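Engineer: query38.pdb (PDB, C-alpha atoms) pasted underneath:
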ATOM      1  CA  MET A   1      10.206 211.595-104.424
ATOM      2  CA  LYS A   2       6.494 211.774-103.620
ATOM      3  CA  LEU A   3       5.748 213.044-107.129
ATOM      4  CA  LYS A   4       7.681 210.146-108.687
ATOM      5  CA  VAL A   5       5.714 207.635-106.598
ATOM      6  CA  LEU A   6       2.435 209.283-107.601
ATOM      7  CA  PHE A   7       3.375 209.182-111.288
ATOM      8  CA  LEU A   8       4.369 205.511-111.056
ATOM      9  CA  LEU A   9       0.978 204.721-109.508
ATOM     10  CA  LEU A  10      -0.719 206.528-112.372
ATOM     11  CA  LEU A  11       1.426 204.757-114.986
ATOM     12  CA  THR A  12       0.532 201.327-113.635
ATOM     13  CA  GLY A  13      -3.185 202.066-113.629
ATOM     14  CA  PHE A  14      -3.752 203.062-110.003
ATOM     15  CA  CYS A  15      -7.125 204.757-109.649
ATOM     16  CA  LEU A  16      -7.068 207.984-107.624
ATOM     17  CA  THR A  17     -10.593 208.312-106.285
ATOM     18  CA  GLY A  18     -11.891 211.265-104.377
ATOM     19  CA  LEU A  19      -9.608 213.760-106.150
ATOM     20  CA  LEU A  20     -11.077 216.870-107.658
ATOM     21  CA  TYR A  21     -11.360 216.941-111.425
ATOM     22  CA  LEU A  22      -9.095 219.675-112.720
ATOM     23  CA  GLY A  23     -11.293 221.675-115.061
ATOM     24  CA  TYR A  24     -10.024 224.174-117.580
ATOM     25  CA  ILE A  25     -11.589 227.044-119.481
ATOM     26  CA  SER A  26      -8.701 228.417-121.503
ATOM     27  CA  GLY A  27      -9.278 226.170-124.512
ATOM     28  CA  TRP A  28      -5.650 225.054-124.491
ATOM     29  CA  ILE A  29      -3.955 222.242-122.621
ATOM     30  CA  ASN A  30      -0.206 222.373-123.044
ATOM     31  CA  PRO A  31       1.308 218.868-122.876
ATOM     32  CA  TYR A  32       4.724 220.506-123.269
ATOM     33  CA  SER A  33       4.645 221.365-119.555
ATOM     34  CA  GLN A  34       2.384 218.623-118.206
ATOM     35  CA  ALA A  35       2.960 215.183-116.740
ATOM     36  CA  VAL A  36      -0.759 214.517-116.233
ATOM     37  CA  THR A  37      -3.971 215.495-118.007
ATOM     38  CA  PRO A  38      -6.784 217.523-116.383
ATOM     39  CA  TRP A  39      -8.480 214.173-115.609
ATOM     40  CA  LEU A  40      -5.275 212.887-113.947
ATOM     41  CA  ALA A  41      -4.168 210.472-116.653
ATOM     42  CA  PRO A  42      -0.362 210.324-116.983
ATOM     43  CA  ILE A  43       1.356 211.706-120.082
ATOM     44  CA  VAL A  44       4.389 209.547-120.822
ATOM     45  CA  TRP A  45       7.571 211.459-121.648
ATOM     46  CA  GLU A  46      11.193 210.438-121.379
ATOM     47  CA  GLY A  47      12.205 210.714-117.723
ATOM     48  CA  THR A  48       8.740 210.086-116.280
ATOM     49  CA  PHE A  49       9.239 206.340-115.731
ATOM     50  CA  ASP A  50      11.826 203.769-114.684
ATOM     51  CA  PRO A  51      12.049 201.270-117.599
ATOM     52  CA  LYS A  52      13.351 198.351-115.547
ATOM     53  CA  LEU A  53      10.870 198.872-112.728
ATOM     54  CA  ILE A  54       7.757 199.200-114.879
ATOM     55  CA  ASP A  55       8.754 196.268-117.122
ATOM     56  CA  SER A  56       9.283 194.085-114.041
ATOM     57  CA  ILE A  57       5.801 194.940-112.774
ATOM     58  CA  TYR A  58       4.114 193.847-116.001
ATOM     59  CA  LYS A  59       6.323 190.827-116.666
ATOM     60  CA  LYS A  60       5.041 189.296-113.442
ATOM     61  CA  GLN A  61       1.557 189.401-114.968
ATOM     62  CA  ASN A  62       2.604 187.152-117.890
ATOM     63  CA  ILE A  63       0.811 189.312-120.447
ATOM     64  CA  THR A  64       0.394 188.944-124.212
ATOM     65  CA  VAL A  65       0.425 192.029-126.428
ATOM     66  CA  ALA A  66      -1.400 191.629-129.744
ATOM     67  CA  THR A  67      -0.306 194.043-132.467
ATOM     68  CA  THR A  68      -2.153 194.656-135.722
ATOM     69  CA  VAL A  69      -0.651 196.266-138.801
ATOM     70  CA  PHE A  70      -2.320 196.864-142.142
ATOM     71  CA  ALA A  71      -0.146 196.424-145.226
ATOM     72  CA  LEU A  72      -2.473 196.662-148.212
ATOM     73  CA  GLY A  73      -1.484 197.323-151.790
ATOM     74  CA  LYS A  74       2.036 198.699-152.075
ATOM     75  CA  TYR A  75       2.267 199.304-148.319
ATOM     76  CA  THR A  76       3.824 195.854-147.964
ATOM     77  CA  VAL A  77       7.120 197.598-148.799
ATOM     78  CA  PHE A  78       7.161 199.004-145.240
ATOM     79  CA  LEU A  79       6.743 195.679-143.451
ATOM     80  CA  LYS A  80      10.386 194.648-143.264
ATOM     81  CA  ASP A  81      11.614 197.815-141.547
ATOM     82  CA  PHE A  82       8.560 197.893-139.298
ATOM     83  CA  LEU A  83       9.014 194.314-138.082
ATOM     84  CA  GLU A  84      12.801 194.395-137.807
ATOM     85  CA  SER A  85      12.758 197.605-135.801
ATOM     86  CA  ALA A  86       9.894 196.297-133.655
ATOM     87  CA  GLU A  87      11.913 193.224-132.791
ATOM     88  CA  ARG A  88      14.698 195.508-131.608
ATOM     89  CA  TYR A  89      12.642 197.998-129.572
ATOM     90  CA  TYR A  90       8.970 197.005-129.167
ATOM     91  CA  PHE A  91       8.011 195.225-125.931
ATOM     92  CA  VAL A  92      11.352 193.469-125.799
ATOM     93  CA  GLY A  93      11.145 190.493-123.427
ATOM     94  CA  PHE A  94       7.336 190.320-123.611
ATOM     95  CA  ARG A  95       5.057 187.913-125.457
ATOM     96  CA  VAL A  96       4.011 189.649-128.686
ATOM     97  CA  HIS A  97       1.734 188.387-131.467
ATOM     98  CA  TYR A  98       1.728 190.380-134.717
ATOM     99  CA  TYR A  99      -1.348 190.190-136.945
ATOM    100  CA  VAL A 100      -0.507 191.445-140.444
ATOM    101  CA  PHE A 101      -3.543 192.318-142.564
ATOM    102  CA  THR A 102      -2.690 192.305-146.259
ATOM    103  CA  ASP A 103      -4.061 191.627-149.716
ATOM    104  CA  HIS A 104      -0.614 190.356-150.797
ATOM    105  CA  PRO A 105       0.309 187.605-148.325
ATOM    106  CA  GLU A 106       3.102 186.422-150.619
ATOM    107  CA  GLN A 107       4.857 189.769-150.072
ATOM    108  CA  VAL A 108       5.073 189.498-146.283
ATOM    109  CA  PRO A 109       8.844 189.284-145.676
ATOM    110  CA  TYR A 110      10.546 186.762-143.466
ATOM    111  CA  VAL A 111      11.801 188.409-140.292
ATOM    112  CA  LYS A 112      13.409 186.427-137.514
ATOM    113  CA  LEU A 113      11.322 186.840-134.380
ATOM    114  CA  GLY A 114      12.464 186.608-130.798
ATOM    115  CA  LYS A 115      11.385 184.115-128.149
ATOM    116  CA  GLU A 116       7.619 184.047-127.482
ATOM    117  CA  ARG A 117       6.941 186.282-130.466
ATOM    118  CA  LYS A 118       4.968 185.198-133.499
ATOM    119  CA  LEU A 119       3.273 186.537-136.623
ATOM    120  CA  THR A 120      -0.036 185.633-138.251
ATOM    121  CA  VAL A 121      -0.945 186.803-141.760
ATOM    122  CA  MET A 122      -4.584 187.857-142.170
ATOM    123  CA  THR A 123      -5.543 187.922-145.861
ATOM    124  CA  VAL A 124      -8.123 190.566-146.804
ATOM    125  CA  GLU A 125      -9.561 191.923-150.034
ATOM    126  CA  SER A 126      -7.922 194.747-151.950
ATOM    127  CA  SER A 127      -9.217 198.306-152.237
ATOM    128  CA  ASN A 128      -8.923 200.958-154.934
ATOM    129  CA  ARG A 129      -8.937 203.880-152.465
ATOM    130  CA  TRP A 130      -6.478 204.472-149.608
ATOM    131  CA  GLN A 131      -9.325 206.136-147.706
ATOM    132  CA  GLU A 132     -11.243 202.863-147.857
ATOM    133  CA  MET A 133      -8.228 201.002-146.480
ATOM    134  CA  THR A 134      -8.212 203.379-143.535
ATOM    135  CA  LEU A 135     -11.945 203.280-142.986
ATOM    136  CA  ARG A 136     -12.041 199.477-142.817
ATOM    137  CA  ARG A 137      -9.389 199.205-140.098
ATOM    138  CA  MET A 138     -11.791 199.694-137.178
ATOM    139  CA  GLU A 139     -14.099 197.001-138.534
ATOM    140  CA  ARG A 140     -11.240 194.533-138.917
ATOM    141  CA  VAL A 141      -9.836 195.234-135.457
ATOM    142  CA  GLU A 142     -13.313 194.796-133.980
ATOM    143  CA  LYS A 143     -13.784 191.431-135.684
ATOM    144  CA  LEU A 144     -10.304 190.196-134.755
ATOM    145  CA  ILE A 145     -10.835 191.032-131.099
ATOM    146  CA  LYS A 146     -14.237 189.373-131.015
ATOM    147  CA  SER A 147     -13.108 186.219-132.810
ATOM    148  CA  ARG A 148      -9.638 185.728-131.327
ATOM    149  CA  LEU A 149      -8.060 188.329-129.108
ATOM    150  CA  VAL A 150     -10.537 188.057-126.242
ATOM    151  CA  LYS A 151      -9.006 184.619-125.685
ATOM    152  CA  GLU A 152      -5.451 185.202-126.900
ATOM    153  CA  ALA A 153      -4.278 188.590-125.593
ATOM    154  CA  ASP A 154      -4.386 191.025-122.684
ATOM    155  CA  TYR A 155      -3.514 194.201-124.571
ATOM    156  CA  VAL A 156      -3.749 195.190-128.205
ATOM    157  CA  PHE A 157      -2.103 197.923-130.267
ATOM    158  CA  SER A 158      -3.012 198.799-133.842
ATOM    159  CA  LEU A 159      -0.102 200.578-135.516
ATOM    160  CA  ASP A 160       0.458 202.124-138.924
ATOM    161  CA  VAL A 161       2.872 200.083-141.022
ATOM    162  CA  ASP A 162       4.621 202.993-142.774
ATOM    163  CA  THR A 163       6.591 203.562-139.591
ATOM    164  CA  LYS A 164       9.783 202.552-137.853
ATOM    165  CA  PHE A 165      10.876 202.149-134.235
ATOM    166  CA  TYR A 166      13.936 204.143-133.172
ATOM    167  CA  GLY A 167      13.787 203.664-129.411
ATOM    168  CA  ARG A 168      12.263 201.730-126.564
ATOM    169  CA  TRP A 169       8.504 201.119-126.549
ATOM    170  CA  GLY A 170       7.692 199.090-123.454
ATOM    171  CA  ALA A 171       5.339 198.535-120.547
ATOM    172  CA  GLU A 172       5.117 202.265-119.815
ATOM    173  CA  THR A 173       2.636 202.399-122.732
ATOM    174  CA  LEU A 174       0.189 199.907-121.223
ATOM    175  CA  GLY A 175      -3.147 200.958-119.777
ATOM    176  CA  ASN A 176      -6.888 200.545-120.148
ATOM    177  CA  LEU A 177      -7.180 202.982-123.059
ATOM    178  CA  ILE A 178      -4.263 204.774-124.699
ATOM    179  CA  GLY A 179      -4.255 207.999-126.682
ATOM    180  CA  VAL A 180      -1.195 209.312-128.542
ATOM    181  CA  ILE A 181      -0.760 213.069-128.874
ATOM    182  CA  HIS A 182      -0.353 213.986-132.543
ATOM    183  CA  PRO A 183       3.140 215.397-133.263
ATOM    184  CA  GLY A 184       1.704 218.079-135.512
ATOM    185  CA  TYR A 185      -0.664 219.552-132.940
ATOM    186  CA  TYR A 186       0.830 219.074-129.503
ATOM    187  CA  LEU A 187       1.395 222.836-129.106
ATOM    188  CA  THR A 188      -1.788 223.908-130.893
ATOM    189  CA  ARG A 189      -4.911 225.465-129.387
ATOM    190  CA  ARG A 190      -7.983 223.269-129.670
ATOM    191  CA  GLU A 191      -9.788 225.758-131.951
ATOM    192  CA  GLN A 192      -7.138 224.932-134.539
ATOM    193  CA  PHE A 193      -7.337 221.140-134.221
ATOM    194  CA  PRO A 194      -8.378 219.478-137.511
ATOM    195  CA  TYR A 195     -11.455 217.894-135.941
ATOM    196  CA  GLU A 196     -14.470 217.103-138.113
ATOM    197  CA  ARG A 197     -16.474 220.334-137.932
ATOM    198  CA  ARG A 198     -19.585 219.407-139.925
ATOM    199  CA  PRO A 199     -22.553 218.718-137.592
ATOM    200  CA  GLU A 200     -23.855 216.200-140.136
ATOM    201  CA  SER A 201     -21.004 213.811-139.335
ATOM    202  CA  GLN A 202     -20.958 211.470-136.355
ATOM    203  CA  ALA A 203     -17.361 212.629-135.810
ATOM    204  CA  PHE A 204     -18.430 216.259-135.283
ATOM    205  CA  ILE A 205     -16.697 218.197-132.507
ATOM    206  CA  PRO A 206     -17.575 221.891-131.975
ATOM    207  CA  TYR A 207     -14.869 224.544-131.705
ATOM    208  CA  SER A 208     -15.671 225.024-128.022
ATOM    209  CA  GLU A 209     -14.709 221.445-127.124
ATOM    210  CA  GLY A 210     -11.552 219.355-127.203
ATOM    211  CA  ASP A 211      -8.679 218.199-125.034
ATOM    212  CA  TYR A 212      -5.887 217.019-127.318
ATOM    213  CA  TYR A 213      -5.628 216.034-130.957
ATOM    214  CA  TYR A 214      -4.914 212.310-131.033
ATOM    215  CA  CYS A 215      -2.997 210.499-133.725
ATOM    216  CA  GLY A 216      -4.900 207.785-135.596
ATOM    217  CA  ALA A 217      -1.683 205.907-136.382
ATOM    218  CA  VAL A 218      -1.759 204.312-132.921
ATOM    219  CA  LEU A 219      -4.684 202.748-131.090
ATOM    220  CA  GLY A 220      -4.080 200.716-127.955
ATOM    221  CA  GLY A 221      -5.128 199.474-124.554
ATOM    222  CA  LYS A 222      -6.716 196.490-122.900
ATOM    223  CA  VAL A 223      -8.500 194.195-125.328
ATOM    224  CA  LYS A 224     -12.003 194.945-124.031
ATOM    225  CA  ASP A 225     -11.445 198.708-124.103
ATOM    226  CA  VAL A 226     -10.027 198.738-127.630
ATOM    227  CA  TYR A 227     -12.960 196.587-128.709
ATOM    228  CA  GLU A 228     -15.364 199.302-127.518
ATOM    229  CA  VAL A 229     -13.403 201.947-129.427
ATOM    230  CA  ALA A 230     -13.334 199.911-132.631
ATOM    231  CA  LYS A 231     -17.000 198.916-132.381
ATOM    232  CA  THR A 232     -18.230 202.436-131.674
ATOM    233  CA  CYS A 233     -16.101 204.034-134.387
ATOM    234  CA  ARG A 234     -17.158 201.385-136.890
ATOM    235  CA  GLU A 235     -20.827 202.066-136.080
ATOM    236  CA  GLN A 236     -20.325 205.821-136.468
ATOM    237  CA  LEU A 237     -18.448 205.298-139.722
ATOM    238  CA  ASP A 238     -21.337 203.187-141.025
ATOM    239  CA  ILE A 239     -23.863 205.910-140.144
ATOM    240  CA  ASP A 240     -21.776 208.500-141.978
ATOM    241  CA  ALA A 241     -21.329 206.207-144.974
ATOM    242  CA  ALA A 242     -25.101 205.732-145.237
ATOM    243  CA  LYS A 243     -25.351 209.509-145.631
ATOM    244  CA  SER A 244     -22.399 209.667-148.057
ATOM    245  CA  ILE A 245     -20.289 211.497-145.488
ATOM    246  CA  GLU A 246     -16.584 210.879-145.037
ATOM    247  CA  ALA A 247     -15.062 212.595-142.022
ATOM    248  CA  ALA A 248     -12.178 215.004-142.554
ATOM    249  CA  TRP A 249      -9.525 212.491-141.483
ATOM    250  CA  GLN A 250     -11.512 209.274-141.789
ATOM    251  CA  GLU A 251     -11.091 207.001-138.757
ATOM    252  CA  GLU A 252      -8.782 209.478-137.003
ATOM    253  CA  SER A 253     -11.677 211.948-136.815
ATOM    254  CA  HIS A 254     -13.949 209.327-135.261
ATOM    255  CA  LEU A 255     -11.207 208.245-132.864
ATOM    256  CA  ASN A 256     -10.835 211.834-131.660
ATOM    257  CA  LYS A 257     -14.583 212.064-131.094
ATOM    258  CA  TYR A 258     -14.543 208.835-129.072
ATOM    259  CA  LEU A 259     -11.568 209.851-126.930
ATOM    260  CA  LEU A 260     -13.065 213.265-126.217
ATOM    261  CA  TYR A 261     -16.036 211.688-124.453
ATOM    262  CA  ASN A 262     -14.306 208.508-123.262
ATOM    263  CA  LYS A 263     -11.118 209.835-121.716
ATOM    264  CA  PRO A 264      -7.956 207.757-122.214
ATOM    265  CA  SER A 265      -6.432 206.339-119.040
ATOM    266  CA  LYS A 266      -2.948 207.218-120.317
ATOM    267  CA  LEU A 267      -1.506 209.485-123.002
ATOM    268  CA  LEU A 268       1.710 208.916-124.904
ATOM    269  CA  SER A 269       3.716 211.981-125.843
ATOM    270  CA  PRO A 270       4.798 212.677-129.447
ATOM    271  CA  GLU A 271       7.917 210.613-128.700
ATOM    272  CA  TYR A 272       5.674 207.640-129.528
ATOM    273  CA  MET A 273       4.531 208.971-132.909
ATOM    274  CA  TRP A 274       6.828 211.395-134.665
ATOM    275  CA  GLN A 275       7.361 212.089-138.382
ATOM    276  CA  ASP A 276      10.745 211.555-140.025
ATOM    277  CA  LEU A 277      10.327 214.626-142.237
ATOM    278  CA  VAL A 278       9.994 216.903-139.165
ATOM    279  CA  PRO A 279      13.140 217.983-137.262
ATOM    280  CA  GLN A 280      13.267 216.764-133.673
ATOM    281  CA  ALA A 281      11.848 219.388-131.289
ATOM    282  CA  ASN A 282      13.749 220.482-128.184
ATOM    283  CA  ARG A 283      11.055 219.127-125.857
ATOM    284  CA  VAL A 284      11.173 215.720-127.514
ATOM    285  CA  LYS A 285      14.263 214.136-125.972
ATOM    286  CA  ILE A 286      13.920 210.860-127.867
ATOM    287  CA  ILE A 287      12.037 209.680-130.928
ATOM    288  CA  ARG A 288      10.745 206.172-130.291
ATOM    289  CA  PHE A 289       8.372 205.581-133.207
ATOM    290  CA  SER A 290       8.003 207.630-136.363
ATOM    291  CA  GLN A 291       6.323 207.737-139.748
ATOM    292  CA  VAL A 292       8.894 207.268-142.482
ATOM    293  CA  ILE A 293       9.392 209.593-145.425
ATOM    294  CA  LYS A 294       7.609 208.382-148.538
ATOM    295  CA  ASN A 295       6.160 209.503-151.838
ATOM    296  CA  TYR A 296       2.417 208.967-151.471
ATOM    297  CA  ALA A 297       2.002 208.825-155.240
ATOM    298  CA  ASP A 298       4.167 205.691-155.245
ATOM    299  CA  VAL A 299       2.238 203.760-152.588
ATOM    300  CA  ARG A 300      -1.357 204.992-152.650
ATOM    301  CA  PRO A 301      -3.792 203.715-155.283
ATOM    302  CA  ASN A 302      -5.440 207.145-155.596
ATOM    303  CA  PRO A 303      -4.696 210.816-154.740
TER
END
In structure tokens, write the structure found in this file.
Structural biologist:
Amino acid sequence: MKLKVLFLLLLTGFCLTGLLYLGYISGWINPYSQAVTPWLAPIVWEGTFDPKLIDSIYKKQNITVATTVFALGKYTVFLKDFLESAERYYFVGFRVHYYVFTDHPEQVPYVKLGKERKLTVMTVESSNRWQEMTLRRMERVEKLIKSRLVKEADYVFSLDVDTKFYGRWGAETLGNLIGVIHPGYYLTRREQFPYERRPESQAFIPYSEGDYYYCGAVLGGKVKDVYEVAKTCREQLDIDAAKSIEAAWQEESHLNKYLLYNKPSKLLSPEYMWQDLVPQANRVKIIRFSQVIKNYADVRPNP
């Protein structure tokens, strides 16, 4: 009972001061067997929270959750499933504002939205490289927050559009700064993480460092905290670009660098970012959000 109360306090952002930082020297943190990180941030798995209780706590705060998705080029084909499944599972009962960035506004499908939920189309220029589409996301999130979200929202999530919700995604995911453990590396030693390893890049992380490998498909947290992530990553991306350097996994590499030195206040387990082409693991009791199967040659403008 005491452990459940402690975890609930962590989930809702309670700050535990005066506790000893739990260091580690093994080079491997195993989220498979952990409910908290070495810095005492909760890791959200099925069974670690009471959905009704945590939703009731946040609903009293009358929050707005802004959600950005980027559907450029042929990626508009994923919008319908993304939005329809989000309306079924994503922050149900909360005020949600979707911001859809696209170069084909005429292809944004009509999807009936629930009460206090709305969608705004943000028209942007096209790109001939999918890497460029990815690299520009931080810049666009930064500008949107600065121009609008500081006044319009409390929390913001930026989610990949080639995805679909299969289960509840609610207030248990809220926090100052959220990191999502990558489904491909949640049982991998940090020496094997696909970090950017070239010292010339601003995203460089040495083999001796690392906590988790975070998925770039999800970025979230309080508006001001996500703004700092987006701004810093955009600045680092610009420095690399000036030297003709492109990090190994574009913005995901820079996000991992940021979260290594600016610890997330909460981590979401791979339940919150799975991949449809991968069989469900025994530890993963429920798949809530997943990347859909696709032929990249059909949707990307370049290899």
Engineer: Compare A:Gly73, A:Gly220, A:Gly93, A:Pro42 by their minimum atom-to-atom distance to Ser56 (chain A), counting all atoms listed in the file, and give me the closest one.
Structural biologist: A:Gly93
Engineer: With only C-alpha atoms as the atoms that count, which of A:Phe49, A:Tyr272, A:Tyr227, A:Tyr214 lies nearest to Val141 (chain A)?
Structural biologist: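 Closest residue, counting only C-alpha atoms: A:Tyr227.
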Engineer: Given the file shown, determine the residues that the PyMOL selection byres ((chain A and resi 199-208) around 8) selects; report them as a PDB file with C-alpha atoms, in the coordinates of the input.
Structural biologist:
ATOM      1  CA  GLY A  27      -9.278 226.170-124.512  1.00  0.00           C
ATOM      2  CA  ARG A 190      -7.983 223.269-129.670  1.00  0.00           C
ATOM      3  CA  GLU A 191      -9.788 225.758-131.951  1.00  0.00           C
ATOM      4  CA  TYR A 195     -11.455 217.894-135.941  1.00  0.00           C
ATOM      5  CA  GLU A 196     -14.470 217.103-138.113  1.00  0.00           C
ATOM      6  CA  ARG A 197     -16.474 220.334-137.932  1.00  0.00           C
ATOM      7  CA  ARG A 198     -19.585 219.407-139.925  1.00  0.00           C
ATOM      8  CA  GLU A 209     -14.709 221.445-127.124  1.00  0.00           C
ATOM      9  CA  GLY A 210     -11.552 219.355-127.203  1.00  0.00           C
ATOM     10  CA  GLN A 236     -20.325 205.821-136.468  1.00  0.00           C
ATOM     11  CA  LEU A 237     -18.448 205.298-139.722  1.00  0.00           C
ATOM     12  CA  ILE A 239     -23.863 205.910-140.144  1.00  0.00           C
ATOM     13  CA  ASP A 240     -21.776 208.500-141.978  1.00  0.00           C
ATOM     14  CA  ILE A 245     -20.289 211.497-145.488  1.00  0.00           C
ATOM     15  CA  GLU A 246     -16.584 210.879-145.037  1.00  0.00           C
ATOM     16  CA  ALA A 247     -15.062 212.595-142.022  1.00  0.00           C
ATOM     17  CA  SER A 253     -11.677 211.948-136.815  1.00  0.00           C
ATOM     18  CA  HIS A 254     -13.949 209.327-135.261  1.00  0.00           C
ATOM     19  CA  ASN A 256     -10.835 211.834-131.660  1.00  0.00           C
ATOM     20  CA  LYS A 257     -14.583 212.064-131.094  1.00  0.00           C
TER      21      LYS A 257
END
Engineer: Selection in question (the file shown): the PyMOL selection byres ((chain A and resi 71) around 8). Which residues does it include, as a PDB file with C-alpha atoms, in the coordinates of the input?
Structural biologist:
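Contents of out_22.pdb, as written:
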ATOM      1  CA  VAL A  69      -0.651 196.266-138.801  1.00  0.00           C
ATOM      2  CA  PHE A  70      -2.320 196.864-142.142  1.00  0.00           C
ATOM      3  CA  LEU A  72      -2.473 196.662-148.212  1.00  0.00           C
ATOM      4  CA  GLY A  73      -1.484 197.323-151.790  1.00  0.00           C
ATOM      5  CA  LYS A  74       2.036 198.699-152.075  1.00  0.00           C
ATOM      6  CA  TYR A  75       2.267 199.304-148.319  1.00  0.00           C
ATOM      7  CA  THR A  76       3.824 195.854-147.964  1.00  0.00           C
ATOM      8  CA  PHE A  78       7.161 199.004-145.240  1.00  0.00           C
ATOM      9  CA  LEU A  79       6.743 195.679-143.451  1.00  0.00           C
ATOM     10  CA  VAL A 100      -0.507 191.445-140.444  1.00  0.00           C
ATOM     11  CA  PHE A 101      -3.543 192.318-142.564  1.00  0.00           C
ATOM     12  CA  THR A 102      -2.690 192.305-146.259  1.00  0.00           C
ATOM     13  CA  ASP A 103      -4.061 191.627-149.716  1.00  0.00           C
ATOM     14  CA  VAL A 161       2.872 200.083-141.022  1.00  0.00           C
TER      15      VAL A 161
END
Engineer: Axis-aligned box over every listed atom of region 144-154 of chain A, padded by 6 Å per side: centre and edges in Å to one decimal, as JSON?
Structural biologist:
{"center_x": -9.3, "center_y": 187.8, "center_z": -128.7, "size_x": 22.0, "size_y": 18.4, "size_z": 24.1}
Engineer: I'd like to see the residues matched by the PyMOL selection byres ((chain A and resi 174-189) around 6) on this file, and ideally I'd get them as number ranges by chain.
Structural biologist: A: 28, 171-173, 190-192, 213-215, 220-222, 264-270, 274
Engineer: Any idea what's packed within 12 Å of Pro51 (chain A), counting all atoms listed in the file, ignoring anything in its chain fewer than 2 positions away? Could you give it as a VMD selection string?
Structural biologist: chain A and resid 8 11 44 to 49 53 to 59 91 to 92 168 to 173
Engineer: One decimal, in Å: what's the spacing between CA of His104 (chain A) and CA of Glu125 (chain A)?
Structural biologist: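 CA of His104 (chain A) sits 9.1 Å away from CA of Glu125 (chain A).
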Engineer: Rounded to one decimal place, report the CA of Tyr90 (chain A)-CA of Ser147 (chain A) distance in Å.
Structural biologist: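 Here the two named atoms are 24.8 Å from each other.
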Engineer: Would you work out the distance separating CA of Lys112 (chain A) from CA of Lys80 (chain A), expressed in Å to one decimal?
Structural biologist: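 Separating CA of Lys112 (chain A) from CA of Lys80 (chain A) is a distance of 10.5 Å.
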Engineer: With all atoms listed in the file as the basis for distance, which of A:Lys263, A:Lys151, A:Arg283, A:Lys143 is at the shortest distance from Leu40 (chain A)?
Structural biologist: A:Lys263
Engineer: Tell me which of A:Lys115, A:Lys164, A:Lys60, A:Arg95 sits closest to Ser290 (chain A), counting all atoms listed in the file.
Structural biologist: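 Of A:Lys115, A:Lys164, A:Lys60, A:Arg95, the one nearest Ser290 (chain A), counting all atoms listed in the file, is A:Lys164.
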Engineer: Write out as a ChimeraX atom specification each polymer residue whose atoms come within 10 Å of Arg234 (chain A), counting only C-alpha atoms; drop sequence neighbours fewer than 2 positions from it.
Structural biologist: /A:135-142,228-232,236-240,251,254-255
Engineer: Rank nothing, just name the residue among A:Pro109, A:Leu144, A:Lys52, A:Glu87 nearest to Ala66 (chain A), using all atoms listed in the file.
Structural biologist: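 Among the listed residues, A:Leu144 lies closest to Ala66 (chain A).
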